[in-house]
$ cat start22.cif   # mmCIF, C-alpha atoms
data_target
#
loop_
_atom_site.label_atom_id
_atom_site.label_comp_id
_atom_site.auth_asym_id
_atom_site.auth_seq_id
_atom_site.Cartn_x
_atom_site.Cartn_y
_atom_site.Cartn_z
CA MET A 1 -14.30 -11.31 9.54
CA ARG A 2 -15.08 -7.97 11.20
CA VAL A 3 -12.58 -7.05 13.91
CA PRO A 4 -12.67 -3.98 16.20
CA LEU A 5 -10.36 -1.02 15.73
CA LEU A 6 -6.81 -1.88 16.74
CA PHE A 7 -3.99 0.29 18.00
CA ALA A 8 -5.34 3.74 18.77
CA GLY A 9 -3.29 5.96 16.52
CA ASP A 10 -0.87 8.12 18.45
CA GLY A 11 1.58 7.42 15.63
CA GLU A 12 5.03 5.93 15.65
CA SER A 13 6.70 9.31 15.87
CA ALA A 14 5.07 9.90 19.24
CA ARG A 15 6.74 6.83 20.77
CA SER A 16 10.34 6.00 21.33
CA ASP A 17 11.81 2.92 19.62
CA LYS A 18 11.98 1.29 23.05
CA ASP A 19 8.27 1.88 23.63
CA GLN A 20 7.44 0.57 20.14
CA ASP A 21 9.43 -2.61 20.66
CA ALA A 22 7.90 -3.21 24.09
CA CYS A 23 4.41 -2.73 22.70
CA ALA A 24 5.05 -5.11 19.81
CA ARG A 25 6.43 -7.77 22.18
CA ALA A 26 3.38 -7.43 24.40
CA ILE A 27 0.97 -7.85 21.51
CA GLY A 28 2.97 -10.67 20.00
CA GLY A 29 2.87 -12.51 23.28
CA GLY A 30 -0.88 -12.19 23.62
CA ASP A 31 -0.87 -9.52 26.33
CA ALA A 32 -3.96 -7.30 25.94
CA THR A 33 -2.11 -4.02 26.45
CA CYS A 34 -1.02 -1.00 24.38
CA GLU A 35 -4.61 0.05 23.68
CA VAL A 36 -5.34 -3.16 21.80
CA LEU A 37 -8.81 -4.64 21.44
CA GLY A 38 -9.82 -8.11 20.32
CA LEU A 39 -6.42 -9.65 19.67
CA THR A 40 -6.40 -12.58 22.10
CA THR A 41 -9.80 -14.18 21.54
CA THR A 42 -9.59 -16.72 18.71
CA GLU A 43 -7.63 -17.64 15.60
CA ALA A 44 -10.06 -15.40 13.73
CA THR A 45 -8.09 -12.36 14.86
CA ALA A 46 -5.74 -10.93 12.30
CA LEU A 47 -2.46 -11.72 14.01
CA GLU A 48 -3.47 -15.31 14.72
CA LEU A 49 -4.57 -15.82 11.13
CA LEU A 50 -1.39 -14.43 9.64
CA SER A 51 1.05 -16.07 12.04
CA ALA A 52 -0.37 -19.60 12.19
CA GLN A 53 1.23 -20.92 8.97
CA PRO A 54 3.78 -18.35 7.80
CA ARG A 55 5.30 -20.56 5.09
CA ARG A 56 1.85 -20.81 3.50
CA THR A 57 0.96 -17.14 3.96
CA ALA A 58 1.32 -13.97 1.87
CA LEU A 59 1.39 -10.40 3.15
CA PHE A 60 0.86 -7.32 0.98
CA CYS A 61 0.98 -3.64 1.86
CA ASP A 62 0.77 -0.27 0.17
CA PHE A 63 3.44 2.38 0.79
CA ASP A 64 2.16 5.98 1.04
CA GLY A 65 -0.47 6.36 3.74
CA THR A 66 0.05 2.78 4.93
CA ILE A 67 3.63 2.43 6.17
CA ALA A 68 4.67 5.98 5.24
CA PRO A 69 2.74 9.04 6.49
CA LEU A 70 1.29 11.19 3.72
CA VAL A 71 3.37 14.29 2.99
CA THR A 72 2.97 17.30 0.72
CA ASP A 73 6.04 16.48 -1.38
CA PRO A 74 5.81 12.89 -2.71
CA ASP A 75 9.60 12.71 -3.05
CA ALA A 76 9.93 13.27 0.71
CA SER A 77 7.80 10.25 1.65
CA ARG A 78 9.57 7.87 4.05
CA ALA A 79 8.51 4.56 5.57
CA LEU A 80 8.30 4.45 9.35
CA PRO A 81 11.44 2.68 10.66
CA GLY A 82 9.53 0.11 12.69
CA ALA A 83 7.35 -0.88 9.74
CA LEU A 84 10.39 -1.12 7.50
CA ARG A 85 12.28 -3.41 9.86
CA ALA A 86 9.22 -5.57 10.42
CA LEU A 87 8.55 -6.08 6.70
CA HIS A 88 12.11 -7.24 6.10
CA GLU A 89 11.92 -9.59 9.09
CA LEU A 90 8.57 -10.97 7.92
CA SER A 91 9.91 -11.57 4.41
CA ARG A 92 12.38 -14.04 5.87
CA GLU A 93 9.61 -16.04 7.56
CA MET A 94 6.58 -15.85 5.25
CA ALA A 95 5.98 -17.28 1.79
CA VAL A 96 5.50 -13.86 0.18
CA VAL A 97 5.86 -10.33 1.56
CA ALA A 98 5.41 -7.58 -1.00
CA ALA A 99 5.00 -3.82 -1.07
CA VAL A 100 2.52 -3.12 -3.88
CA SER A 101 2.22 0.54 -4.78
CA GLY A 102 1.39 3.04 -7.48
CA ARG A 103 4.94 4.32 -7.01
CA SER A 104 7.67 3.22 -9.38
CA ALA A 105 9.61 0.10 -8.48
CA SER A 106 12.82 2.12 -8.30
CA PHE A 107 11.29 4.52 -5.77
CA LEU A 108 10.07 1.58 -3.69
CA ALA A 109 13.48 -0.10 -3.78
CA GLN A 110 15.03 3.03 -2.36
CA GLY A 111 12.24 3.70 0.15
CA LEU A 112 12.28 0.12 1.38
CA GLU A 113 16.10 0.13 1.62
CA LEU A 114 16.38 -3.12 -0.30
CA ASP A 115 20.14 -2.77 -0.78
CA LYS A 116 20.67 -2.39 2.95
CA TYR A 117 18.50 -5.23 4.21
CA ARG A 118 18.94 -7.73 1.34
CA SER A 119 15.87 -9.66 2.40
CA LYS A 120 13.15 -11.33 0.34
CA LEU A 121 10.85 -8.30 0.50
CA ARG A 122 9.42 -7.64 -2.97
CA ALA A 123 8.94 -4.14 -4.43
CA ILE A 124 6.13 -4.13 -6.99
CA GLY A 125 5.49 -0.76 -8.59
CA LEU A 126 2.90 0.95 -10.79
CA HIS A 127 0.11 -1.27 -9.46
CA GLY A 128 1.86 -4.38 -10.75
CA LEU A 129 3.35 -3.23 -14.06
CA GLU A 130 6.93 -3.52 -12.82
CA GLU A 131 9.01 -5.14 -10.09
CA TRP A 132 12.48 -4.45 -8.73
CA SER A 133 14.73 -7.47 -9.07
CA ALA A 134 18.17 -8.52 -7.90
CA GLY A 135 21.03 -6.47 -9.27
CA GLY A 136 18.96 -3.33 -9.54
CA THR A 137 17.10 -4.21 -12.71
CA ILE A 138 13.38 -3.62 -13.22
CA LYS A 139 11.22 -6.36 -14.70
CA LEU A 140 8.26 -5.14 -16.76
CA LYS A 141 5.09 -7.05 -17.47
CA GLU A 142 4.60 -8.05 -21.07
CA GLY A 143 3.23 -5.26 -23.24
CA VAL A 144 4.25 -2.39 -20.97
CA SER A 145 7.27 -0.98 -22.78
CA VAL A 146 5.42 -0.01 -25.96
CA TRP A 147 3.41 2.56 -23.99
CA ARG A 148 6.35 4.78 -23.09
CA ALA A 149 5.92 7.16 -26.04
CA ALA A 150 2.25 7.75 -25.21
CA VAL A 151 3.09 8.42 -21.56
CA GLU A 152 5.76 10.95 -22.53
CA THR A 153 3.35 12.78 -24.84
CA VAL A 154 0.59 12.92 -22.24
CA ARG A 155 3.00 14.14 -19.58
CA ALA A 156 4.13 17.01 -21.81
CA ARG A 157 0.54 18.01 -22.55
CA LEU A 158 -0.41 17.92 -18.87
CA VAL A 159 2.55 20.03 -17.79
CA GLU A 160 1.30 22.77 -20.10
CA ALA A 161 -2.37 22.41 -19.16
CA VAL A 162 -2.69 21.85 -15.40
CA PRO A 163 -3.38 24.78 -13.01
CA ALA A 164 -0.48 26.53 -11.31
CA GLY A 165 0.79 24.58 -8.32
CA VAL A 166 -0.42 21.22 -9.59
CA ARG A 167 2.40 18.71 -9.94
CA VAL A 168 2.75 16.22 -12.81
CA GLU A 169 4.79 13.18 -11.77
CA ASP A 170 6.24 11.03 -14.55
CA LYS A 171 6.60 7.44 -13.34
CA GLY A 172 8.02 6.06 -16.55
CA TYR A 173 5.00 3.92 -17.45
CA GLY A 174 2.39 5.98 -15.66
CA ILE A 175 1.62 9.53 -14.56
CA THR A 176 0.26 10.88 -11.30
CA VAL A 177 -1.06 14.43 -11.02
CA HIS A 178 -1.05 15.86 -7.45
CA TRP A 179 -2.65 18.97 -5.97
CA ARG A 180 -1.93 18.33 -2.28
CA SER A 181 0.59 21.20 -2.06
CA ILE A 182 -1.73 23.90 -3.43
CA ALA A 183 -2.40 26.72 -0.97
CA ALA A 184 -6.17 26.42 -1.04
CA SER A 185 -8.85 24.81 1.10
CA GLY A 186 -12.52 23.96 1.25
CA ASP A 187 -14.57 24.56 -1.88
CA ASP A 188 -11.65 26.16 -3.71
CA LEU A 189 -9.52 23.03 -3.31
CA LYS A 190 -12.43 20.78 -4.30
CA SER A 191 -12.95 22.87 -7.42
CA ILE A 192 -9.28 22.62 -8.35
CA GLY A 193 -9.35 18.88 -7.77
CA ALA A 194 -12.49 18.37 -9.86
CA SER A 195 -11.30 20.46 -12.79
CA THR A 196 -7.84 18.87 -12.73
CA THR A 197 -9.32 15.38 -12.61
CA GLU A 198 -11.52 16.07 -15.61
CA LEU A 199 -8.58 17.54 -17.54
CA VAL A 200 -6.40 14.52 -16.77
CA ARG A 201 -9.19 12.10 -17.72
CA THR A 202 -9.76 13.85 -21.04
CA ILE A 203 -6.11 14.07 -22.11
CA GLY A 204 -5.33 10.57 -20.88
CA ALA A 205 -8.31 9.03 -22.66
CA SER A 206 -7.25 10.54 -25.97
CA TYR A 207 -4.11 8.37 -25.76
CA GLY A 208 -5.80 5.29 -24.32
CA LEU A 209 -4.69 5.76 -20.69
CA LEU A 210 -7.04 5.00 -17.80
CA ALA A 211 -7.67 7.40 -14.90
CA ARG A 212 -7.51 6.17 -11.30
CA LEU A 213 -8.54 8.45 -8.45
CA GLY A 214 -6.32 8.83 -5.39
CA LYS A 215 -5.89 11.10 -2.39
CA ALA A 216 -5.64 14.67 -3.75
CA SER A 217 -4.42 13.10 -6.97
CA VAL A 218 -5.40 11.29 -10.14
CA GLU A 219 -3.28 8.70 -11.89
CA LEU A 220 -3.12 7.67 -15.53
CA ALA A 221 -2.43 3.98 -16.05
CA ILE A 222 -1.69 1.72 -19.00
CA PRO A 223 -4.81 -0.35 -19.89
CA LEU A 224 -3.40 -3.87 -19.62
CA GLY A 225 -5.81 -5.21 -17.01
CA ILE A 226 -3.05 -5.23 -14.38
CA ASP A 227 -3.73 -3.83 -10.92
CA LYS A 228 -3.18 -4.59 -7.25
CA GLY A 229 -5.87 -7.24 -7.41
CA THR A 230 -4.15 -9.17 -10.20
CA VAL A 231 -0.89 -8.99 -8.22
CA VAL A 232 -2.59 -10.51 -5.18
CA THR A 233 -4.22 -13.24 -7.26
CA GLU A 234 -0.93 -14.21 -8.90
CA LEU A 235 1.20 -14.25 -5.75
CA CYS A 236 -1.36 -16.10 -3.63
CA SER A 237 -1.34 -19.10 -5.97
CA GLY A 238 -0.88 -22.27 -3.94
CA LEU A 239 -1.01 -20.48 -0.59
CA GLU A 240 -3.52 -20.91 2.23
CA ARG A 241 -3.59 -17.50 3.97
CA ALA A 242 -3.03 -13.87 3.10
CA GLY A 243 -3.26 -10.35 4.47
CA TYR A 244 -3.40 -6.96 2.78
CA LEU A 245 -2.80 -3.52 4.33
CA GLY A 246 -3.85 -0.45 2.36
CA ASP A 247 -5.28 3.04 2.62
CA ASP A 248 -6.62 4.05 -0.80
CA LEU A 249 -9.08 3.13 -3.55
CA GLY A 250 -6.46 1.13 -5.46
CA ASP A 251 -6.17 -1.15 -2.44
CA VAL A 252 -9.85 -2.03 -2.67
CA LEU A 253 -8.90 -4.09 -5.73
CA GLY A 254 -6.51 -6.05 -3.53
CA PHE A 255 -9.32 -6.60 -1.02
CA ARG A 256 -11.66 -7.83 -3.76
CA ALA A 257 -9.04 -10.27 -5.01
CA LEU A 258 -8.80 -11.75 -1.52
CA ASP A 259 -12.59 -12.05 -1.41
CA ARG A 260 -12.61 -13.94 -4.72
CA LEU A 261 -9.84 -16.26 -3.58
CA THR A 262 -11.65 -16.90 -0.32
CA ALA A 263 -14.77 -17.90 -2.24
CA SER A 264 -13.04 -19.94 -4.93
CA SER A 265 -10.17 -21.65 -3.15
CA GLY A 266 -10.90 -21.39 0.57
CA LEU A 267 -8.05 -18.95 1.20
CA LYS A 268 -8.18 -17.50 4.70
CA ALA A 269 -7.62 -13.77 4.47
CA VAL A 270 -7.69 -10.54 6.42
CA LYS A 271 -8.22 -7.14 4.79
CA VAL A 272 -6.68 -4.32 6.79
CA ALA A 273 -7.62 -0.68 6.15
CA VAL A 274 -5.18 1.95 7.38
CA ALA A 275 -7.42 4.87 8.22
CA GLY A 276 -6.74 8.58 7.92
CA ALA A 277 -8.56 11.81 7.24
CA GLU A 278 -8.77 11.00 3.52
CA ALA A 279 -9.45 7.26 3.72
CA PRO A 280 -12.24 6.36 1.26
CA SER A 281 -15.41 4.94 2.76
CA GLU A 282 -15.37 2.09 0.24
CA LEU A 283 -12.05 0.86 1.66
CA LEU A 284 -13.17 1.13 5.29
CA GLU A 285 -16.43 -0.68 4.61
CA ALA A 286 -14.65 -3.52 2.81
CA ALA A 287 -12.09 -4.06 5.57
CA ASP A 288 -12.10 -6.77 8.20
CA LEU A 289 -9.91 -4.68 10.46
CA VAL A 290 -9.17 -0.94 10.69
CA LEU A 291 -5.91 0.54 11.97
CA ASP A 292 -5.59 4.18 12.96
CA GLY A 293 -2.93 5.46 10.58
CA PRO A 294 0.61 4.41 9.57
CA GLY A 295 1.83 4.45 13.18
CA ALA A 296 -0.74 1.82 14.08
CA ALA A 297 0.10 -0.17 10.95
CA SER A 298 3.76 -0.12 11.99
CA THR A 299 2.90 -1.46 15.42
CA PHE A 300 0.74 -4.17 13.86
CA LEU A 301 3.54 -5.30 11.55
CA GLN A 302 6.03 -5.30 14.43
CA ALA A 303 3.60 -7.41 16.46
CA LEU A 304 3.32 -9.93 13.64
CA ALA A 305 7.10 -10.09 13.27
CA GLY A 306 7.39 -10.57 17.02
CA ARG A 307 5.00 -13.49 16.94
CA LEU A 308 6.92 -15.25 14.18
CA ALA A 309 10.27 -14.59 15.85
CA SER A 310 9.07 -16.21 19.06
CA ALA A 311 7.30 -19.17 17.41
#
$ encode --input "start22.cif" --output "structure tokens"
Amino acid sequence: MRVPLLFAGDGESARSDKDQDACARAIGGGDATCEVLGLTTTEATALELLSAQPRRTALFCDFDGTIAPLVTDPDASRALPGALRALHELSREMAVVAAVSGRSASFLAQGLELDKYRSKLRAIGLHGLEEWSAGGTIKLKEGVSVWRAAVETVRARLVEAVPAGVRVEDKGYGITVHWRSIAASGDDLKSIGASTTELVRTIGASYGLLARLGKASVELAIPLGIDKGTVVTELCSGLERAGYLGDDLGDVLGFRALDRLTASSGLKAVKVAVAGAEAPSELLEAADLVLDGPGAASTFLQALAGRLASA
């Protein structure tokens, strides 16, 4: 299903909460306003597909670059308030609503304000290796814990080896190396990124860790065959519809899982790319629908929540 670009991206920060809510209500009610194209034609549109049978529908989304604008300091990343509220509201109406991210589950729990909202929103971290659960505990997939020593060793080696200004983020059972904050541009930044990526690949491979490319970053993951696609496959079991919002290469695996489920079980699905300056072409080409940045994704999620609230 190929749908036109939705929600021209002026970003949530450019609108007041009142304007955001009014826009979401208009879209949810089928009014073709707020710079929206193609939403009121048939059930093939994304909002119709996802709102028709909420108790038989799953919704997945990434965090950074999808509901949270990309920032130089990863620790400063914050979800847009409208997206956050909408996800919690949707989790009360839909079969599954989950944030699936390369971030740790503990970071997601804090960023999604799970203690405050106490909804059914799920926080699945490290591409599916761990999930935040009630009471503040973290549930690991089988076989994960034995990799901690290797991750610690690799982190220590990378801290000593990476260029000045490159950040090594220890996620417990994974490592992400960032160079977004380096004061360089153009060919110089590309050169730093290429050399850092090769360094990370080499050191990680010597301890059995797999490299995954990201936006101005490279991640080392535990090789257990677990990724965003396996999360989607597992949580869509027995359901009839699903949607996935993402902005990076890791999210392509979620898209592919939906494609396989569509072919094998007849699942109806919509793959939503959240575009930005660094959005990979592979993601955009695989998407059914493209949103113009996290602000547009927030409006989309609010619109979906509005539809379910008024059903």
$ atom_distance --input "start22.cif" --atom1 "atom CA of A:Thr137" --atom2 "atom CA of A:Ala109"
10.5 Å
$ closest_residue --input "start22.cif" --among "A:Glu131, A:Asp62, A:Asp227, A:Glu198" --to "A:Asp247" --atoms "only C-alpha atoms"
A:Asp62
$ resolve_selection --input "start22.cif" --expression "the PyMOL selection byres ((chain A and resi 286) around 9)" --output "list in words"
Val252, Phe255, Arg256, Lys271, Val272, Ala273, Ser281, Glu282, Leu283, Leu284, Glu285, Ala287 and Asp288 of chain A
$ write_last_selection --input "start22.cif" --atoms "C-alpha atoms" --output "PDB file, keeping the file's coordinate frame"
ATOM      1  CA  VAL A 252      -9.850  -2.030  -2.670  1.00  0.00           C
ATOM      2  CA  PHE A 255      -9.320  -6.600  -1.020  1.00  0.00           C
ATOM      3  CA  ARG A 256     -11.660  -7.830  -3.760  1.00  0.00           C
ATOM      4  CA  LYS A 271      -8.220  -7.140   4.790  1.00  0.00           C
ATOM      5  CA  VAL A 272      -6.680  -4.320   6.790  1.00  0.00           C
ATOM      6  CA  ALA A 273      -7.620  -0.680   6.150  1.00  0.00           C
ATOM      7  CA  SER A 281     -15.410   4.940   2.760  1.00  0.00           C
ATOM      8  CA  GLU A 282     -15.370   2.090   0.240  1.00  0.00           C
ATOM      9  CA  LEU A 283     -12.050   0.860   1.660  1.00  0.00           C
ATOM     10  CA  LEU A 284     -13.170   1.130   5.290  1.00  0.00           C
ATOM     11  CA  GLU A 285     -16.430  -0.680   4.610  1.00  0.00           C
ATOM     12  CA  ALA A 287     -12.090  -4.060   5.570  1.00  0.00           C
ATOM     13  CA  ASP A 288     -12.100  -6.770   8.200  1.00  0.00           C
TER      14      ASP A 288
END
$ closest_residue --input "start22.cif" --among "A:Gly111, A:Val231, A:Ile203, A:Ile124" --to "A:Ala156" --atoms "only C-alpha atoms"
A:Ile203
$ closest_residue --input "start22.cif" --among "A:Leu245, A:Val97, A:Ala184, A:Ala305" --to "A:Thr57" --atoms "only C-alpha atoms"
A:Val97
$ resolve_selection --input "start22.cif" --expression "the PyMOL selection byres ((chain A and resi 151) around 8)" --output "ChimeraX atom specification"
/A:147-150,152-155,172-175
$ closest_residue --input "start22.cif" --among "A:Ser133, A:Ser237, A:Thr66, A:Ser145" --to "A:Ser101" --atoms "only C-alpha atoms"
A:Thr66
$ closest_residue --input "start22.cif" --among "A:Asp75, A:Asp115, A:Asp251, A:Glu234" --to "A:Gly214" --atoms "only C-alpha atoms"
A:Asp251
$ residues_near_point --input "start22.cif" --point "(-3.3, 25.2, -11.3)" --cutoff "10 Å" --atoms "all atoms listed in the file" --output "PyMOL selection string"
chain A and resi 161-167+179+182+192-193+195-196
$ resolve_selection --input "start22.cif" --expression "the PyMOL selection byres ((chain A and resi 86) around 12)" --output "ChimeraX atom specification"
/A:20-21,24,59,67,79-85,87-94,97,112,117,119,121,297-309
$ atom_distance --input "start22.cif" --atom1 "atom CA of A:Leu291" --atom2 "atom CA of A:Leu50"
15.8 Å
$ atom_distance --input "start22.cif" --atom1 "atom CA of A:Leu289" --atom2 "atom CA of A:Val96"
20.7 Å
$ closest_residue --input "start22.cif" --among "A:Gly266, A:Leu158, A:Ala105, A:Ala279" --to "A:Ile138" --atoms "only C-alpha atoms"
A:Ala105
$ residues_near_point --input "start22.cif" --point "(11.1, -9.0, -11.6)" --cutoff "12 Å" --atoms "all atoms listed in the file" --output "list of chain:residue names"
A:Ala105, A:Ser106, A:Arg122, A:Ala123, A:Ile124, A:Gly125, A:Gly128, A:Leu129, A:Glu130, A:Glu131, A:Trp132, A:Ser133, A:Ala134, A:Gly135, A:Gly136, A:Thr137, A:Ile138, A:Lys139, A:Leu140, A:Lys141, A:Glu142
$ residues_around --input "start22.cif" --residues "A:Ala216" --least-positions-apart "5" --cutoff "10 Å" --atoms "only C-alpha atoms" --output "PDB file with C-alpha atoms, in the coordinates of the input"
ATOM      1  CA  VAL A 177      -1.060  14.430 -11.020  1.00  0.00           C
ATOM      2  CA  HIS A 178      -1.050  15.860  -7.450  1.00  0.00           C
ATOM      3  CA  TRP A 179      -2.650  18.970  -5.970  1.00  0.00           C
ATOM      4  CA  ARG A 180      -1.930  18.330  -2.280  1.00  0.00           C
ATOM      5  CA  SER A 181       0.590  21.200  -2.060  1.00  0.00           C
ATOM      6  CA  LEU A 189      -9.520  23.030  -3.310  1.00  0.00           C
ATOM      7  CA  LYS A 190     -12.430  20.780  -4.300  1.00  0.00           C
ATOM      8  CA  ILE A 192      -9.280  22.620  -8.350  1.00  0.00           C
ATOM      9  CA  GLY A 193      -9.350  18.880  -7.770  1.00  0.00           C
ATOM     10  CA  ALA A 194     -12.490  18.370  -9.860  1.00  0.00           C
ATOM     11  CA  THR A 197      -9.320  15.380 -12.610  1.00  0.00           C
ATOM     12  CA  GLU A 278      -8.770  11.000   3.520  1.00  0.00           C
TER      13      GLU A 278
END
$ residues_around --input "start22.cif" --residues "A:Glu240" --least-positions-apart "2" --cutoff "9 Å" --atoms "all atoms listed in the file" --output "PyMOL selection string"
chain A and resi 53+56-58+236-238+242+265-269
$ decode --input "start22.cif" --residues "stretch 247-265 of chain A" --atoms "N, CA and C atoms" --output "compact mmCIF listing (two decimals), in the first residue's frame"
# COMPACT_ATOMS: atom_id res chain seq x y z
N ASP A 247 12.51 5.14 11.76
CA ASP A 247 13.28 6.13 11.00
C ASP A 247 14.67 5.65 10.60
N ASP A 248 15.05 4.41 10.94
CA ASP A 248 16.44 4.00 10.76
C ASP A 248 16.51 2.61 10.14
N LEU A 249 17.74 2.17 9.85
CA LEU A 249 17.94 0.88 9.20
C LEU A 249 17.41 -0.28 10.04
N GLY A 250 17.55 -0.20 11.36
CA GLY A 250 17.04 -1.27 12.21
C GLY A 250 15.55 -1.47 12.06
N ASP A 251 14.84 -0.39 11.70
CA ASP A 251 13.39 -0.48 11.55
C ASP A 251 12.99 -1.18 10.25
N VAL A 252 13.91 -1.25 9.30
CA VAL A 252 13.63 -1.99 8.07
C VAL A 252 13.35 -3.45 8.39
N LEU A 253 14.00 -3.98 9.42
CA LEU A 253 13.75 -5.37 9.83
C LEU A 253 12.32 -5.53 10.34
N GLY A 254 11.80 -4.50 11.02
CA GLY A 254 10.40 -4.52 11.42
C GLY A 254 9.48 -4.50 10.22
N PHE A 255 9.82 -3.69 9.22
CA PHE A 255 9.03 -3.63 7.99
C PHE A 255 9.01 -5.00 7.30
N ARG A 256 10.18 -5.63 7.21
CA ARG A 256 10.26 -6.92 6.53
C ARG A 256 9.45 -7.99 7.24
N ALA A 257 9.43 -7.92 8.57
CA ALA A 257 8.63 -8.87 9.33
C ALA A 257 7.15 -8.71 9.00
N LEU A 258 6.71 -7.47 8.88
CA LEU A 258 5.31 -7.24 8.50
C LEU A 258 5.04 -7.77 7.10
N ASP A 259 5.99 -7.60 6.20
CA ASP A 259 5.81 -8.14 4.84
C ASP A 259 5.66 -9.66 4.88
N ARG A 260 6.49 -10.32 5.67
CA ARG A 260 6.41 -11.79 5.75
C ARG A 260 5.08 -12.22 6.35
N LEU A 261 4.63 -11.53 7.38
CA LEU A 261 3.36 -11.88 8.00
C LEU A 261 2.19 -11.62 7.06
N THR A 262 2.29 -10.57 6.29
CA THR A 262 1.25 -10.28 5.30
C THR A 262 1.15 -11.42 4.29
N ALA A 263 2.30 -11.92 3.85
CA ALA A 263 2.33 -12.99 2.86
C ALA A 263 1.90 -14.34 3.44
N SER A 264 2.29 -14.59 4.69
CA SER A 264 2.06 -15.92 5.26
C SER A 264 0.73 -16.08 5.99
N SER A 265 0.27 -15.00 6.61
CA SER A 265 -0.94 -15.13 7.44
C SER A 265 -2.07 -14.19 7.05
